[in-house]
There are 4 protein chains.
Amino acid sequence: MDAAPHPSPALAARYRAVRAHTEKLVATLSAEDQALQSMPDASPAKWHQAHTTWFFETLILQPLLRGYQAFDPSFQYLFNSYYEALGPRHPRPQRGMLSRPSLDEVRAYRRHVDAAMLDLLGSAGTGQDLTLVELGLQHEQQHQELLLTDILHAFSCNPLLPAWRAEPPHRFPEQPLRWLPHAGGEVPIGHEEGAGFAFDNETPRHSALLQPFEIANRLVNCGEFADFIADGGYRRPGLWLSDGWATAQAQGWQHPPYWLAPGDPRAPSEHWQVFGLHGVQPLDRAAPVTQLSFYEAAAYAEWAGARLPTEFEWEAACRLPGFAPCSDQAWQWTRSAYHPYPGFRPMAGAVGEYNGKFMVGQLVLRGGSVATPPGHARPSYRNFFPPAARWQFSGLRLARDSSK
Amino acid sequence: MDAAPHPSPALAARYRAVRAHTEKLVATLSAEDQALQSMPDASPAKWHQAHTTWFFETLILQPLLRGYQAFDPSFQYLFNSYYEALGPRHPRPQRGMLSRPSLDEVRAYRRHVDAAMLDLLGSAGTGQDLTLVELGLQHEQQHQELLLTDILHAFSCNPLLPAWRAEPPHRFPEQPLRWLPHAGGEVPIGHEEGAGFAFDNETPRHSALLQPFEIANRLVNCGEFADFIADGGYRRPGLWLSDGWATAQAQGWQHPPYWLAPGDPRAPSEHWQVFGLHGVQPLDRAAPVTQLSFYEAAAYAEWAGARLPTEFEWEAACRLPGFAPCSDQAWQWTRSAYHPYPGFRPMAGAVGEYNGKFMVGQLVLRGGSVATPPGHARPSYRNFFPPAARWQFSGLRLARDSSK
Amino acid sequence: MDAAPHPSPALAARYRAVRAHTEKLVATLSAEDQALQSMPDASPAKWHQAHTTWFFETLILQPLLRGYQAFDPSFQYLFNSYYEALGPRHPRPQRGMLSRPSLDEVRAYRRHVDAAMLDLLGSAGTGQDLTLVELGLQHEQQHQELLLTDILHAFSCNPLLPAWRAEPPHRFPEQPLRWLPHAGGEVPIGHEEGAGFAFDNETPRHSALLQPFEIANRLVNCGEFADFIADGGYRRPGLWLSDGWATAQAQGWQHPPYWLAPGDPRAPSEHWQVFGLHGVQPLDRAAPVTQLSFYEAAAYAEWAGARLPTEFEWEAACRLPGFAPCSDQAWQWTRSAYHPYPGFRPMAGAVGEYNGKFMVGQLVLRGGSVATPPGHARPSYRNFFPPAARWQFSGLRLARDSSK
Amino acid sequence: MDAAPHPSPALAARYRAVRAHTEKLVATLSAEDQALQSMPDASPAKWHQAHTTWFFETLILQPLLRGYQAFDPSFQYLFNSYYEALGPRHPRPQRGMLSRPSLDEVRAYRRHVDAAMLDLLGSAGTGQDLTLVELGLQHEQQHQELLLTDILHAFSCNPLLPAWRAEPPHRFPEQPLRWLPHAGGEVPIGHEEGAGFAFDNETPRHSALLQPFEIANRLVNCGEFADFIADGGYRRPGLWLSDGWATAQAQGWQHPPYWLAPGDPRAPSEHWQVFGLHGVQPLDRAAPVTQLSFYEAAAYAEWAGARLPTEFEWEAACRLPGFAPCSDQAWQWTRSAYHPYPGFRPMAGAVGEYNGKFMVGQLVLRGGSVATPPGHARPSYRNFFPPAARWQFSGLRLARDSSK
């Protein structure tokens, strides 16, 4: 994270905009909706709003704003996510038990912190290091995406399958699959110092060596994935990684988690339907398939006679003509484990726990999604999830070795 | 259940009163509070309000009120508790996921059903069998108690330990322990036909043969239980039943679940405190100990050189001078498994699932509690829970064999 | 347990006979077979042989035989079953990990203890209390039954389904079902003091009050149980207790655990077959059905329009003409929880843990089984298992209320 | 795997030698020992002997030896490990239930297959493709290592802590830690075609790009690891990856799994001791620490101000003067996920399941261990285990970035 602090007035405007965006996301949600935690990996929308606020309070206001009064001392415990250096915290699987503080109190907390933050940002030129403000905003943007994927998961557990957004989704145009060739060789990887904000896990910039490869111009779509299902994709162990097959059997996977098979009693139809931010909709064959685990993405690629790109191929491909990162469609599982780049150093202080300590057991996803706030993603961005995770807007893009 | 149907005007008044009591119980709770489900055995307050309403709609209005329109057909699925004969239902552990329907919708549901019920009750003299109305009201009263014990459990999972009631609790007067002798012999057990409402599990009335015994005039109190703890009660396997000791070790029991040991970070104090409907309070030595499992009750009795009474001894003792059932204090674990009485017949129809199918794996509790609606309990009432259950107002009363 | 000590020569002969019977039971088993533990509730045959020996060593030889040298001090830890008063012990689920001591060493242990015991029994007239010797022998007989049921369970986990005994089983003659009426009233229950050995849980003798009832002259047989299955017995929740239905669904029960449905790949056939001590055999319609849980027994009785007898009815029925306890066929689930008799006192000392501490969460079985050593059972004998247990020779006998 | 088939006489000699080595490993083990399965990830020694034999029978004899008669058709099911293409198989966690076939029968199975294999290998020059024979031998060598680590784990579950080998272990000489610098740059990685046997996962050979780094000349030893423990290594979350810390807390890790803390009741001592192939021994400070999880290895490296090498650094370091791979000491966790090399193709046929399908969720270990058969390991060898695995001879070697 090497962003120079913005000049404060611009930073204050940006602060206001990012914070307002969070509140816009929850505008259609009731207090009851915002308290839901449907699994340990997901958090209530209310918690997301409080936790992002806690970040500003704990890491910026308390050290930097003279005379700052914490809104409520118990929030230090309630809304810490995973920072061991910042003391004990409420257990993650119990976040849905917090009917108190109420949503109204959390909103008051946000206003309290916003006022103090704008106060701090308004007193520019004091020589204070505001680097962490931008980190706090990027952090809030990450939680904006999680807030959406988490509420969607919670709604998927309600037999009524409520819609986050009432209006119908836009339909995707059909787009033929084209293979874009890349010559391979030594390519630069990672965030270029001085080029705006990046997380520490995108650094240091370094070179990687690639074999020649080809990569698809677009994401795998729902029509193609329906063909995979129809061809026995979920019943043929030979297509799957061993852990993937075991997981799929143990959990009874037969299609992506938010797909409704024909005849599903929750929304009777003779055709495939897909539950999403707009509620239950007929399957759009041209729309990118999402909410896939890495295992399903890898099985699909095997079935298609292709493979997933590595995160280095993906990043290099961003410079190819005709390549669209599809950062407003779906995160794309890569064939790369989430490990540190050579020479990686975590940020100093408590925020050093931000990324580095998660660097095992996860796979890198690249791109961005329909739930990613505009302007948040970039080609060097490294998202990461365990291979069985199935509640993100996660899909795939095919790659293959160049034929000789 | 052999209650003759009340004359309808009285029944209508009673209907109004019982329903109003439910709503009074939730008056201090937010919509977020009422959506909480803190464990599979507990249900959200909102669910209790909807399920009791579903009972009237499904078992009374739909068969008996001509032209009745269901409020929402999906509620048939969402709010069935366990009646296999009434179709599939929302899984119990997922009741906390129902942010929709909202609390407001559930309240509208109650009003809709209330209007129809009062309509039905007002059209008296039609020769319709209103027997199930009283069952529905008794059912709602049972859920009034569960609503309180469930919200209390949910609040106990919140580090803020909110109070259901703001005002301080009344303190119990010290009361010396006295042993009341009973001569034993053949005693009548169970509900006397024609004597008002009873559940089917209290029938048929029959005789039981008792040895002479003595029973305590009052419940074990918190001071006595604190002495048990201080004397190593939770560390001495010889006091415990085998399953109890295994459970206590596996779950790390060291005191009743809502007791706060001196130094508990949630509410620092040098003394024992107890969390309850009034929030965290200093331990009242004269108050009955509650939220005990059967295992803890049995271990305490062993430590005290006594035993638990059987449910038959308890019921017979009700006729002893000086015996108070303490039905507004705490349910009292008995040394009786919850099994059918000789000649037991479940009610006819879907309500036959009400009691009989739970007659294994549970122990009988007698009495009533601070959470029991006034007028609901009676000497022949059989409450029942598994031996490890620890979230009810469940305590104990001692008994012992008569010395020769 | 009130047996007067046998005169020592007779006791020595009995000691030899009981010990020899254990060894006869394992004659067809390899060292590998005898080390198997197929689930935490079961123990290896080798462990049974060592544990019964440990009982004599710890409770009799060490206190009573001057100069006795323990065979191996580590056995005190390895072969204690559940006696908290006798120190820590090897965890039950890990008994199958004890490849050392070897079977040969365990046999040497038995010989060492046998020599010392016979030495002790031979020095009669010394005024020593030998009461516990008979308890040790009864204890070993109980383990003889468990040894068989445990090895059978272990073999059932081997796809080869080995037979404990090579020779074919005898076939049962068809026997018509007859109902034996009992007039009810006050009946004596429990062991009569002075009438030979009994466990503490059979005491004290006391009276119970029975309603008139009828009880079947024989056990439910496999043919009848096959009819229950064919009539949808495992698919109709209305026949089951709630816990039973939940367990049956969670574990996928469709027939008794050792039955092989037609087409089972382990032993292809077009007909039902049953695995047992004699390996896989065609279903014998007249043989008693065994390896039932209480839940299945209760569901069958419901289906048959009858019920299970209470343990008191069963014991009273033993005095009816034409009633056979079938103690060499199968234990019979009763509709009675395993609780203490009125006035129950456990044995003094460490053996007080023998029975009393298990008196919750279990149901009483009466009778005896093909695996029970001859002479071990008696009408007042109370066997007990949790309601889901399915690896004993446990079946059922029907009862019903007398029609008026 | 691109080994040209050996000339058959040499191959026959090698076959005999490898098979004999397996039998030598089990010479000190009883039939009971060889039947132990102490966790789902481990297999009984008997099973290892049968499974390696099944590999030759199924993949070589049945397709290639005309007239070959399978030893026992049921072994196809019992001893398949994970080959979906070769039909259903006995569930892995149930391998310890196979008291039948007996060890003697498994030995007869080995002799039967050995005779047929030597028959096949003796009929050289027939133009048959014997490529898979060498794979079968390498496969058996892998199981030789697992056989040892699995029996060691089983013995570690026995409170007697038996020794696999009676004689005392050799003591390691103290060796100072030296840092060997590597200049980085493009390095060749993977198996060189034509240079003897390799598994498919070591191919294809390709180039990797390295930053300058330094790597330790030797492994981290027990003395250093004891210092880590003494310095609070297991109590400081800041040293650990997040998954590692969660695992360590959930499982109560306080030291490597086979270390006995001072005072351990199984082998009382005032000092650290270590259980291993030679039983319980005083901690040898100069011996490499083993049985570490990746999580512990990574935490140690963090504590030491260093890091783990990537598998590419490790392989490149093999060409450095002064670098010893320590392939007879311990496998070395690397900071590399087990993923396919660019252009990776699995072997054709059923053996294509050998490696590729495990390429997610695991980390690469390089080197070899005291349990690895001599001649089996090589610099390009990729061993792999999940990060929490703690029963292999797995330790670590430090690396660090070159200072500028």
# chains A, B, ... in the order shown; residues from 1 in each chain; ligands from 1
>>> residues_around(residues="stretch 167-180 of chain C", least_positions_apart="6", cutoff="9 Å", atoms="only C-alpha atoms", output="number ranges by chain")
C: 213-220, 277-279, 281, 284-288, 317, 320-323, 398-400
>>> write_last_selection(atoms="N, CA and C atoms", output="mmCIF file, in the first residue's frame")
data_model
loop_
_atom_site.group_PDB
_atom_site.id
_atom_site.type_symbol
_atom_site.label_atom_id
_atom_site.label_comp_id
_atom_site.auth_asym_id
_atom_site.auth_seq_id
_atom_site.Cartn_x
_atom_site.Cartn_y
_atom_site.Cartn_z
ATOM 1 N N PHE C 213 -53.707 -56.092 31.404
ATOM 2 C CA PHE C 213 -53.053 -56.002 30.081
ATOM 3 C C PHE C 213 -52.951 -57.393 29.484
ATOM 4 N N GLU C 214 -52.545 -57.417 28.226
ATOM 5 C CA GLU C 214 -52.267 -58.678 27.549
ATOM 6 C C GLU C 214 -50.861 -58.620 26.971
ATOM 7 N N ILE C 215 -50.223 -59.755 26.932
ATOM 8 C CA ILE C 215 -48.842 -59.778 26.429
ATOM 9 C C ILE C 215 -48.676 -60.980 25.510
ATOM 10 N N ALA C 216 -47.829 -60.828 24.505
ATOM 11 C CA ALA C 216 -47.664 -61.881 23.498
ATOM 12 C C ALA C 216 -46.876 -63.050 24.074
ATOM 13 N N ASN C 217 -47.212 -64.226 23.599
ATOM 14 C CA ASN C 217 -46.532 -65.426 24.079
ATOM 15 C C ASN C 217 -45.144 -65.589 23.483
ATOM 16 N N ARG C 218 -44.844 -64.860 22.445
ATOM 17 C CA ARG C 218 -43.532 -65.011 21.781
ATOM 18 C C ARG C 218 -43.075 -63.656 21.241
ATOM 19 N N LEU C 219 -41.868 -63.660 20.703
ATOM 20 C CA LEU C 219 -41.296 -62.407 20.188
ATOM 21 C C LEU C 219 -41.774 -62.140 18.767
ATOM 22 N N VAL C 220 -41.693 -60.898 18.350
ATOM 23 C CA VAL C 220 -41.964 -60.548 16.953
ATOM 24 C C VAL C 220 -40.884 -61.202 16.097
ATOM 25 N N LEU C 277 -24.216 -64.384 13.608
ATOM 26 C CA LEU C 277 -23.073 -65.154 14.112
ATOM 27 C C LEU C 277 -22.677 -66.272 13.155
ATOM 28 N N HIS C 278 -23.618 -66.716 12.347
ATOM 29 C CA HIS C 278 -23.346 -67.790 11.392
ATOM 30 C C HIS C 278 -23.097 -67.238 9.997
ATOM 31 N N GLY C 279 -22.784 -65.989 9.888
ATOM 32 C CA GLY C 279 -22.552 -65.387 8.578
ATOM 33 C C GLY C 279 -23.873 -64.988 7.935
ATOM 34 N N GLN C 281 -27.222 -65.539 6.056
ATOM 35 C CA GLN C 281 -28.186 -66.634 5.946
ATOM 36 C C GLN C 281 -29.475 -66.100 5.334
ATOM 37 N N ASP C 284 -35.006 -66.145 7.986
ATOM 38 C CA ASP C 284 -35.851 -67.175 8.587
ATOM 39 C C ASP C 284 -37.074 -66.469 9.170
ATOM 40 N N ARG C 285 -38.213 -66.606 8.505
ATOM 41 C CA ARG C 285 -39.391 -65.819 8.914
ATOM 42 C C ARG C 285 -39.806 -66.079 10.353
ATOM 43 N N ALA C 286 -39.495 -67.260 10.873
ATOM 44 C CA ALA C 286 -39.944 -67.581 12.236
ATOM 45 C C ALA C 286 -38.939 -67.165 13.303
ATOM 46 N N ALA C 287 -37.754 -66.735 12.889
ATOM 47 C CA ALA C 287 -36.734 -66.347 13.874
ATOM 48 C C ALA C 287 -37.065 -64.976 14.443
ATOM 49 N N PRO C 288 -36.726 -64.748 15.704
ATOM 50 C CA PRO C 288 -36.997 -63.422 16.277
ATOM 51 C C PRO C 288 -36.174 -62.359 15.555
ATOM 52 N N ALA C 317 -45.488 -60.798 33.989
ATOM 53 C CA ALA C 317 -45.935 -61.818 33.034
ATOM 54 C C ALA C 317 -45.137 -63.110 33.174
ATOM 55 N N LEU C 320 -47.047 -65.875 34.448
ATOM 56 C CA LEU C 320 -48.231 -66.351 33.725
ATOM 57 C C LEU C 320 -47.959 -67.711 33.094
ATOM 58 N N PRO C 321 -48.923 -68.591 33.140
ATOM 59 C CA PRO C 321 -48.751 -69.849 32.417
ATOM 60 C C PRO C 321 -48.643 -69.579 30.914
ATOM 61 N N GLY C 322 -47.763 -70.297 30.271
ATOM 62 C CA GLY C 322 -47.616 -70.137 28.822
ATOM 63 C C GLY C 322 -46.681 -69.026 28.408
ATOM 64 N N PHE C 323 -46.194 -68.271 29.378
ATOM 65 C CA PHE C 323 -45.266 -67.185 29.041
ATOM 66 C C PHE C 323 -43.830 -67.711 29.065
ATOM 67 N N LEU C 398 -44.826 -57.925 21.921
ATOM 68 C CA LEU C 398 -45.945 -56.979 21.946
ATOM 69 C C LEU C 398 -46.767 -57.082 23.236
ATOM 70 N N ALA C 399 -47.376 -55.988 23.592
ATOM 71 C CA ALA C 399 -48.349 -55.967 24.680
ATOM 72 C C ALA C 399 -49.509 -55.071 24.248
ATOM 73 N N ARG C 400 -50.599 -55.125 24.988
ATOM 74 C CA ARG C 400 -51.705 -54.203 24.714
ATOM 75 C C ARG C 400 -52.580 -54.095 25.955
#
>>> select_by_dssp(residues="stretch 117-321 of chain C", states="alpha helix (DSSP H)", output="number ranges by chain")
C: 117-122, 131-156, 222-230, 242-251, 294-303, 311-317
>>> residues_around(residues="B:Ala17", least_positions_apart="5", cutoff="12 Å", atoms="only C-alpha atoms", output="PyMOL selection string")
chain B and resi 10-12+22-24+114+137+140-141+373-374
>>> closest_atom_pairs(of="chain B", to="chain A", cutoff="7 Å", atoms="only C-alpha atoms", output="tab-separated table")
residue	atom	partner	partner_atom	distance
B:Ala31	CA	A:Glu32	CA	6.3
B:Glu32	CA	A:Glu32	CA	5.1
B:Asp33	CA	A:Ser99	CA	5.1
B:Ala35	CA	A:Glu32	CA	6.6
B:Leu36	CA	A:Met97	CA	6.6
B:Ser38	CA	A:Met97	CA	6.7
B:Met97	CA	A:Asn158	CA	6.2
B:Leu98	CA	A:Asn158	CA	5.9
B:Ser99	CA	A:Glu32	CA	5.1
B:Ala154	CA	A:Met97	CA	6.8
B:Cys157	CA	A:Met97	CA	6.5
B:Asn158	CA	A:Leu98	CA	5.9
>>> write_last_selection(atoms="N, CA and C atoms", output="PDB file, in the first residue's frame")
ATOM      1  N   ALA B  31     -37.566  -5.230  16.366  1.00  0.00           N
ATOM      2  CA  ALA B  31     -37.725  -6.206  15.281  1.00  0.00           C
ATOM      3  C   ALA B  31     -36.478  -7.074  15.174  1.00  0.00           C
ATOM      4  N   GLU B  32     -35.307  -6.479  15.384  1.00  0.00           N
ATOM      5  CA  GLU B  32     -34.070  -7.266  15.329  1.00  0.00           C
ATOM      6  C   GLU B  32     -34.029  -8.308  16.447  1.00  0.00           C
ATOM      7  N   ASP B  33     -34.407  -7.895  17.650  1.00  0.00           N
ATOM      8  CA  ASP B  33     -34.459  -8.848  18.761  1.00  0.00           C
ATOM      9  C   ASP B  33     -35.375 -10.022  18.421  1.00  0.00           C
ATOM     10  N   ALA B  35     -36.140 -11.393  15.787  1.00  0.00           N
ATOM     11  CA  ALA B  35     -35.726 -12.279  14.700  1.00  0.00           C
ATOM     12  C   ALA B  35     -34.621 -13.241  15.125  1.00  0.00           C
ATOM     13  N   LEU B  36     -34.136 -13.117  16.335  1.00  0.00           N
ATOM     14  CA  LEU B  36     -32.969 -13.906  16.763  1.00  0.00           C
ATOM     15  C   LEU B  36     -33.305 -15.366  17.007  1.00  0.00           C
ATOM     16  N   SER B  38     -30.911 -18.296  18.579  1.00  0.00           N
ATOM     17  CA  SER B  38     -29.553 -18.475  19.093  1.00  0.00           C
ATOM     18  C   SER B  38     -29.098 -19.922  19.135  1.00  0.00           C
ATOM     19  N   MET B  97     -33.420 -17.384   9.892  1.00  0.00           N
ATOM     20  CA  MET B  97     -33.095 -16.809   8.577  1.00  0.00           C
ATOM     21  C   MET B  97     -34.261 -16.044   7.972  1.00  0.00           C
ATOM     22  N   LEU B  98     -35.414 -16.056   8.655  1.00  0.00           N
ATOM     23  CA  LEU B  98     -36.624 -15.486   8.057  1.00  0.00           C
ATOM     24  C   LEU B  98     -36.759 -14.007   8.381  1.00  0.00           C
ATOM     25  N   SER B  99     -35.886 -13.191   7.789  1.00  0.00           N
ATOM     26  CA  SER B  99     -36.071 -11.741   7.956  1.00  0.00           C
ATOM     27  C   SER B  99     -37.355 -11.307   7.251  1.00  0.00           C
ATOM     28  N   ALA B 154     -31.019 -15.902  23.731  1.00  0.00           N
ATOM     29  CA  ALA B 154     -30.413 -15.075  22.675  1.00  0.00           C
ATOM     30  C   ALA B 154     -29.666 -13.901  23.289  1.00  0.00           C
ATOM     31  N   CYS B 157     -26.252 -14.564  24.624  1.00  0.00           N
ATOM     32  CA  CYS B 157     -25.180 -14.695  23.635  1.00  0.00           C
ATOM     33  C   CYS B 157     -24.637 -13.342  23.199  1.00  0.00           C
ATOM     34  N   ASN B 158     -25.235 -12.286  23.651  1.00  0.00           N
ATOM     35  CA  ASN B 158     -24.775 -10.941  23.314  1.00  0.00           C
ATOM     36  C   ASN B 158     -23.912 -10.437  24.467  1.00  0.00           C
TER      37      ASN B 158
END
>>> closest_residue(among="A:Gly367, A:Pro256, A:Pro63, A:Pro93", to="A:Val289", atoms="only C-alpha atoms")
A:Pro256
>>> residues_around(residues="D:His376", least_positions_apart="5", cutoff="10 Å", atoms="only C-alpha atoms", output="number ranges by chain")
D: 137-138, 141-142, 197-198, 327, 368, 381
>>> residues_around(residues="B:Ala298", least_positions_apart="5", cutoff="12 Å", atoms="only C-alpha atoms", output="ChimeraX atom specification")
/B:220,233-234,238-245,292-293,303-309,332-336,363,387-388,395-399 /C:357,359-360
>>> write_last_selection(atoms="N, CA and C atoms", output="short mmCIF file (atom, residue, chain, number, x, y, z; two decimals), in the first residue's frame")
data_model
loop_
_atom_site.label_atom_id
_atom_site.label_comp_id
_atom_site.auth_asym_id
_atom_site.auth_seq_id
_atom_site.Cartn_x
_atom_site.Cartn_y
_atom_site.Cartn_z
N VAL B 220 -34.64 -25.49 45.88
CA VAL B 220 -33.24 -25.21 46.18
C VAL B 220 -32.93 -23.80 45.71
N GLY B 233 -18.64 -29.05 43.59
CA GLY B 233 -19.72 -29.78 42.95
C GLY B 233 -19.49 -30.07 41.48
N TYR B 234 -18.89 -29.14 40.78
CA TYR B 234 -18.65 -29.34 39.35
C TYR B 234 -17.34 -30.06 39.06
N GLY B 238 -18.03 -38.32 41.22
CA GLY B 238 -18.84 -39.23 42.03
C GLY B 238 -20.24 -38.70 42.32
N LEU B 239 -20.45 -37.39 42.15
CA LEU B 239 -21.77 -36.83 42.40
C LEU B 239 -22.69 -36.92 41.18
N TRP B 240 -22.11 -37.23 40.05
CA TRP B 240 -22.83 -37.06 38.78
C TRP B 240 -23.24 -38.39 38.16
N LEU B 241 -24.34 -38.36 37.42
CA LEU B 241 -24.64 -39.45 36.51
C LEU B 241 -23.60 -39.45 35.39
N SER B 242 -23.38 -40.61 34.83
CA SER B 242 -22.30 -40.74 33.85
C SER B 242 -22.49 -39.82 32.64
N ASP B 243 -23.69 -39.82 32.07
CA ASP B 243 -23.95 -38.93 30.94
C ASP B 243 -23.80 -37.47 31.34
N GLY B 244 -24.18 -37.15 32.56
CA GLY B 244 -24.07 -35.78 33.03
C GLY B 244 -22.62 -35.35 33.15
N TRP B 245 -21.81 -36.20 33.71
CA TRP B 245 -20.40 -35.86 33.86
C TRP B 245 -19.74 -35.68 32.49
N LEU B 292 -31.02 -24.85 35.26
CA LEU B 292 -30.23 -26.06 35.50
C LEU B 292 -30.66 -27.15 34.53
N SER B 293 -29.70 -27.94 34.13
CA SER B 293 -30.01 -29.20 33.47
C SER B 293 -30.45 -30.23 34.52
N TRP B 303 -25.27 -34.49 46.23
CA TRP B 303 -24.39 -33.76 47.15
C TRP B 303 -25.12 -33.44 48.47
N ALA B 304 -26.43 -33.14 48.34
CA ALA B 304 -27.21 -32.75 49.51
C ALA B 304 -27.71 -33.96 50.29
N GLY B 305 -27.32 -35.17 49.87
CA GLY B 305 -27.76 -36.36 50.58
C GLY B 305 -29.23 -36.66 50.38
N ALA B 306 -29.75 -36.21 49.26
CA ALA B 306 -31.17 -36.41 49.00
C ALA B 306 -31.32 -36.92 47.57
N ARG B 307 -32.50 -36.77 47.01
CA ARG B 307 -32.73 -37.18 45.63
C ARG B 307 -33.83 -36.30 45.06
N LEU B 308 -34.07 -36.44 43.77
CA LEU B 308 -35.20 -35.76 43.15
C LEU B 308 -36.46 -36.58 43.41
N PRO B 309 -37.62 -35.92 43.54
CA PRO B 309 -38.86 -36.68 43.65
C PRO B 309 -39.24 -37.26 42.29
N GLN B 332 -39.54 -27.89 38.10
CA GLN B 332 -38.75 -28.74 38.99
C GLN B 332 -38.51 -30.08 38.32
N TRP B 333 -37.24 -30.35 38.04
CA TRP B 333 -36.89 -31.64 37.43
C TRP B 333 -37.36 -32.77 38.35
N THR B 334 -37.97 -33.77 37.77
CA THR B 334 -38.31 -34.96 38.55
C THR B 334 -37.44 -36.13 38.12
N ARG B 335 -37.48 -37.18 38.92
CA ARG B 335 -36.74 -38.41 38.63
C ARG B 335 -37.64 -39.34 37.84
N SER B 336 -38.37 -38.76 36.86
CA SER B 336 -39.28 -39.57 36.04
C SER B 336 -39.05 -39.25 34.57
N LEU B 363 -37.15 -35.93 30.38
CA LEU B 363 -37.52 -36.06 31.78
C LEU B 363 -38.70 -35.14 32.05
N PRO B 387 -32.39 -34.19 29.24
CA PRO B 387 -31.67 -33.97 30.49
C PRO B 387 -30.58 -32.90 30.40
N ALA B 388 -30.09 -32.59 29.23
CA ALA B 388 -29.02 -31.60 29.10
C ALA B 388 -29.55 -30.18 28.88
N GLY B 395 -35.35 -25.68 37.84
CA GLY B 395 -34.56 -25.86 39.06
C GLY B 395 -34.91 -27.18 39.69
N LEU B 396 -34.89 -27.21 41.01
CA LEU B 396 -35.21 -28.49 41.65
C LEU B 396 -35.74 -28.28 43.06
N ARG B 397 -36.40 -29.33 43.51
CA ARG B 397 -36.90 -29.46 44.86
C ARG B 397 -36.39 -30.82 45.34
N LEU B 398 -35.95 -30.90 46.59
CA LEU B 398 -35.39 -32.15 47.08
C LEU B 398 -36.47 -33.09 47.62
N ALA B 399 -36.18 -34.37 47.56
CA ALA B 399 -37.00 -35.39 48.21
C ALA B 399 -36.06 -36.40 48.86
N LYS C 357 -24.89 -45.10 38.07
CA LYS C 357 -24.58 -43.85 37.37
C LYS C 357 -25.06 -43.83 35.93
N MET C 359 -28.21 -44.43 35.16
CA MET C 359 -29.67 -44.44 35.22
C MET C 359 -30.32 -43.17 34.69
N VAL C 360 -30.02 -42.84 33.47
CA VAL C 360 -30.74 -41.81 32.74
C VAL C 360 -30.42 -41.98 31.26
#
>>> residues_around(residues="B:Glu192", least_positions_apart="2", cutoff="10 Å", atoms="only C-alpha atoms", output="ChimeraX atom specification")
/B:2,188-190,194-198,202-206,380
>>> atom_distance(atom1="atom CA of B:Thr247", atom2="atom CA of B:Pro262")
23.7 Å
>>> select_by_dssp(residues="stretch 166-263 of chain D", states="strand (DSSP E)", output="list of chain:residue names")
D:Trp179, D:Leu180, D:Pro181, D:His182, D:Gly185, D:Glu186, D:Val187, D:Pro188, D:Ile189, D:His206, D:Ser207, D:Ala208, D:Leu209, D:Leu210, D:Phe213, D:Glu214, D:Ile215, D:Ala216, D:Trp259, D:Leu260
>>> residues_around(residues="A:Val364", least_positions_apart="2", cutoff="9 Å", atoms="only C-alpha atoms", output="JSON, numbers by chain")
{"A": [310, 311, 332, 333, 334, 335, 336, 337, 338, 339, 362, 366, 382, 383, 384, 385, 386]}
>>> atom_distance(atom1="atom CA of B:Ala45", atom2="atom CA of B:Phe199")
23.8 Å
